[in-house]
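Reproduced below: input_32.json, with JSON, C-alpha atoms.
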```
[["chain", "number", "residue", "atom", "x", "y", "z"],
["A", 1, "MET", "CA", 94.29, 136.60, 70.29],
["A", 2, "SER", "CA", 97.71, 138.12, 69.80],
["A", 3, "VAL", "CA", 100.85, 136.04, 70.07],
["A", 4, "VAL", "CA", 104.41, 136.84, 71.01],
["A", 5, "LYS", "CA", 107.27, 135.06, 69.32],
["A", 6, "MET", "CA", 109.88, 133.65, 71.71],
["A", 7, "THR", "CA", 112.90, 131.41, 71.38],
["A", 8, "VAL", "CA", 113.06, 128.57, 73.88],
["A", 9, "ARG", "CA", 116.01, 126.33, 74.65],
["A", 10, "ILE", "CA", 115.25, 122.86, 75.98],
["A", 11, "LYS", "CA", 117.41, 119.91, 76.90],
["A", 12, "SER", "CA", 117.88, 117.13, 74.38],
["A", 13, "SER", "CA", 116.01, 114.72, 76.66],
["A", 14, "GLN", "CA", 113.08, 117.17, 76.77],
["A", 15, "PHE", "CA", 113.25, 117.48, 72.99],
["A", 16, "GLN", "CA", 112.97, 113.70, 72.60],
["A", 17, "THR", "CA", 110.14, 113.60, 75.13],
["A", 18, "LEU", "CA", 108.41, 116.35, 73.17],
["A", 19, "ASN", "CA", 108.84, 114.51, 69.86],
["A", 20, "ARG", "CA", 107.20, 111.25, 70.98],
["A", 21, "PRO", "CA", 103.69, 112.59, 71.62],
["A", 22, "ALA", "CA", 103.97, 114.93, 68.62],
["A", 23, "GLU", "CA", 104.68, 111.96, 66.36],
["A", 24, "GLN", "CA", 101.95, 109.87, 67.98],
["A", 25, "GLN", "CA", 99.40, 112.66, 67.48],
["A", 26, "ASP", "CA", 100.84, 113.47, 64.05],
["A", 27, "ILE", "CA", 101.26, 117.17, 64.82],
["A", 28, "PRO", "CA", 104.31, 119.41, 64.46],
["A", 29, "ARG", "CA", 106.58, 119.54, 67.49],
["A", 30, "TYR", "CA", 106.13, 123.33, 67.70],
["A", 31, "ARG", "CA", 102.40, 122.83, 68.16],
["A", 32, "MET", "CA", 103.11, 120.14, 70.80],
["A", 33, "LEU", "CA", 105.43, 122.57, 72.60],
["A", 34, "SER", "CA", 102.69, 125.17, 72.54],
["A", 35, "GLN", "CA", 100.22, 122.70, 74.07],
["A", 36, "ILE", "CA", 102.73, 121.75, 76.76],
["A", 37, "ILE", "CA", 103.31, 125.41, 77.61],
["A", 38, "ASP", "CA", 99.53, 126.02, 77.78],
["A", 39, "GLN", "CA", 99.04, 123.03, 80.07],
["A", 40, "GLY", "CA", 101.96, 124.16, 82.23],
["A", 41, "PHE", "CA", 100.47, 127.63, 82.60],
["A", 42, "THR", "CA", 97.09, 126.17, 83.45],
["A", 43, "ALA", "CA", 98.56, 123.81, 86.05],
["A", 44, "THR", "CA", 100.64, 126.59, 87.59],
["A", 45, "VAL", "CA", 97.84, 129.14, 87.72],
["A", 46, "ASN", "CA", 95.14, 126.73, 88.87],
["A", 47, "ASP", "CA", 97.43, 124.77, 91.26],
["A", 48, "THR", "CA", 96.02, 121.40, 90.25],
["A", 49, "GLY", "CA", 96.75, 119.86, 93.64],
["A", 50, "VAL", "CA", 99.76, 117.84, 92.57],
["A", 51, "ASN", "CA", 101.49, 118.56, 95.89],
["A", 52, "GLU", "CA", 98.46, 117.31, 97.80],
["A", 53, "ASN", "CA", 98.44, 114.12, 95.72],
["A", 54, "ILE", "CA", 102.13, 113.60, 96.42],
["A", 55, "ARG", "CA", 101.52, 114.08, 100.16],
["A", 56, "ASN", "CA", 98.67, 111.54, 100.04],
["A", 57, "ILE", "CA", 100.79, 109.01, 98.17],
["A", 58, "ALA", "CA", 103.66, 109.49, 100.63],
["A", 59, "PHE", "CA", 101.30, 109.02, 103.59],
["A", 60, "GLU", "CA", 99.78, 105.86, 102.14],
["A", 61, "THR", "CA", 103.23, 104.49, 101.29],
["A", 62, "GLY", "CA", 104.32, 105.09, 104.88],
["A", 63, "THR", "CA", 101.21, 103.36, 106.20],
["A", 64, "LEU", "CA", 101.79, 100.35, 103.95],
["A", 65, "SER", "CA", 105.44, 100.21, 104.96],
["A", 66, "ALA", "CA", 104.49, 100.11, 108.65],
["A", 67, "ARG", "CA", 101.94, 97.36, 108.04],
["A", 68, "ILE", "CA", 104.47, 95.31, 106.06],
["A", 69, "ALA", "CA", 106.94, 95.62, 108.95],
["A", 70, "VAL", "CA", 104.31, 94.22, 111.32],
["A", 71, "LEU", "CA", 103.61, 91.35, 108.91],
["A", 72, "GLU", "CA", 107.34, 90.57, 108.63],
["A", 73, "ARG", "CA", 107.70, 90.41, 112.42],
["A", 74, "LEU", "CA", 104.61, 88.22, 112.67],
["A", 75, "ALA", "CA", 105.89, 85.86, 109.97],
["A", 76, "GLU", "CA", 109.24, 85.55, 111.76],
["A", 77, "ARG", "CA", 107.51, 84.76, 115.04],
["A", 78, "VAL", "CA", 105.41, 82.08, 113.35],
["A", 79, "LEU", "CA", 108.52, 80.63, 111.73],
["A", 80, "PHE", "CA", 110.37, 80.52, 115.06],
["A", 81, "VAL", "CA", 107.43, 78.87, 116.84],
["A", 82, "ASN", "CA", 107.26, 76.23, 114.10],
["A", 83, "CYS", "CA", 111.01, 75.58, 114.31],
["A", 84, "ALA", "CA", 110.80, 75.26, 118.10],
["A", 85, "ALA", "CA", 107.79, 72.95, 117.84],
["A", 86, "TYR", "CA", 109.68, 70.76, 115.38],
["A", 87, "VAL", "CA", 112.76, 70.56, 117.65],
["A", 88, "TYR", "CA", 110.72, 69.72, 120.75],
["A", 89, "ALA", "CA", 108.55, 67.17, 118.91],
["A", 90, "ARG", "CA", 111.64, 65.52, 117.45],
["A", 91, "HIS", "CA", 113.23, 65.46, 120.90],
["A", 92, "ALA", "CA", 110.11, 63.82, 122.37],
["A", 93, "VAL", "CA", 109.91, 61.15, 119.67],
["A", 94, "LEU", "CA", 113.59, 60.26, 119.92],
["A", 95, "ASN", "CA", 113.55, 60.30, 123.72],
["A", 96, "GLY", "CA", 116.57, 62.57, 123.63],
["A", 97, "SER", "CA", 118.51, 63.50, 126.68],
["A", 98, "ARG", "CA", 119.13, 67.15, 125.84],
["A", 99, "ASN", "CA", 118.54, 69.92, 128.32],
["A", 100, "GLU", "CA", 116.41, 73.00, 127.73],
["A", 101, "ASP", "CA", 119.34, 75.21, 126.69],
["A", 102, "GLU", "CA", 120.43, 72.75, 124.00],
["A", 103, "LEU", "CA", 116.88, 72.50, 122.64],
["A", 104, "GLN", "CA", 116.56, 76.29, 122.52],
["A", 105, "ALA", "CA", 119.89, 76.58, 120.71],
["A", 106, "GLU", "CA", 118.79, 73.95, 118.19],
["A", 107, "ALA", "CA", 115.48, 75.76, 117.65],
["A", 108, "GLN", "CA", 117.32, 79.05, 117.12],
["A", 109, "ALA", "CA", 119.71, 77.38, 114.65],
["A", 110, "ALA", "CA", 116.76, 75.89, 112.71],
["A", 111, "PHE", "CA", 115.11, 79.31, 112.67],
["A", 112, "GLN", "CA", 118.28, 80.97, 111.32],
["A", 113, "ARG", "CA", 118.62, 78.28, 108.62],
["A", 114, "GLN", "CA", 115.04, 78.87, 107.49],
["A", 115, "LEU", "CA", 115.56, 82.65, 107.38],
["A", 116, "LYS", "CA", 118.71, 82.15, 105.30],
["A", 117, "ILE", "CA", 116.80, 79.91, 102.86],
["A", 118, "ALA", "CA", 114.04, 82.53, 102.56],
["A", 119, "GLU", "CA", 116.54, 85.35, 101.96],
["A", 120, "ASP", "CA", 118.39, 83.38, 99.29],
["A", 121, "GLY", "CA", 115.01, 82.75, 97.73]]
```
Turn this file's structure into structure tokens for me.
Amino acid sequence: MSVVKMTVRIKSSQFQTLNRPAEQQDIPRYRMLSQIIDQGFTATVNDTGVNENIRNIAFETGTLSARIAVLERLAERVLFVNCAAYVYARHAVLNGSRNEDELQAEAQAAFQRQLKIAEDG
């Protein structure tokens, strides 16, 4: 195998990144650079499917995001129903004389208070 000598300029952050695995493997950084170049050539020539993996990860992340949005809406609905049930049950026990609009406003206010508490966490 014949070799060609080349001079390569890399960023200081790349240099530090190169040094870490070289030190861990106890090999010279020039040898580590050579390994990195070999692996880069192999990945480029063989197209290791990194783009496909990224597409798959992005798709799954989007799917999870959509499912989380559904769960958030469901949790808010459950919270509102519980707040409304509390307001109506309290009204029934106290034999209150409030009309429907006042009870709905109180239920909405209780719901907003609970959301605020959850957001402040």
Legend entry - Two-atom distance - CA of Phe111 (chain A), CA of Ala84 (chain A) (Å): 8.0 Å
Test item: axis-aligned box, all listed atoms of region 9-25 of chain A, 6 Å on each side, centre and edges in Å rounded to one decimal, as lines of an AutoDock Vina configuration file:
```
center_x = 108.6
center_y = 118.1
center_z = 71.6
size_x = 30.5
size_y = 28.5
size_z = 22.5
```
Inset, instruction - Using only C-alpha atoms, determine which residues lie at most 12 Å from region 7-24 of chain A, disregarding the query and same-chain residues fewer than 5 positions distant; provide the list as a PyMOL selection string. - result: chain A and resi 29-37
Written selection (C-alpha atoms) as an mmCIF file, in the frame of the given file:
```
data_model
loop_
_atom_site.group_PDB
_atom_site.id
_atom_site.type_symbol
_atom_site.label_atom_id
_atom_site.label_comp_id
_atom_site.auth_asym_id
_atom_site.auth_seq_id
_atom_site.Cartn_x
_atom_site.Cartn_y
_atom_site.Cartn_z
ATOM 1 C CA ARG A 29 106.580 119.540 67.490
ATOM 2 C CA TYR A 30 106.130 123.330 67.700
ATOM 3 C CA ARG A 31 102.400 122.830 68.160
ATOM 4 C CA MET A 32 103.110 120.140 70.800
ATOM 5 C CA LEU A 33 105.430 122.570 72.600
ATOM 6 C CA SER A 34 102.690 125.170 72.540
ATOM 7 C CA GLN A 35 100.220 122.700 74.070
ATOM 8 C CA ILE A 36 102.730 121.750 76.760
ATOM 9 C CA ILE A 37 103.310 125.410 77.610
#
```
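You will find CA of Asp101 (chain A) at 28.7 Å from CA of Leu71 (chain A).
When CA of Gly40 (chain A) is paired with CA of Val3 (chain A), their separation reads 17.0 Å.
In this comparison, which uses only C-alpha atoms, the residue of A:Glu60, A:Glu52, A:Glu106, A:Glu76 approaching Arg90 (chain A) most closely is A:Glu106.
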Legend entry - Distance criterion (all atoms listed in the file): nearest to Phe80 (chain A) out of A:Ile117, A:Ala107, A:Val4, A:Ala43: A:Ala107
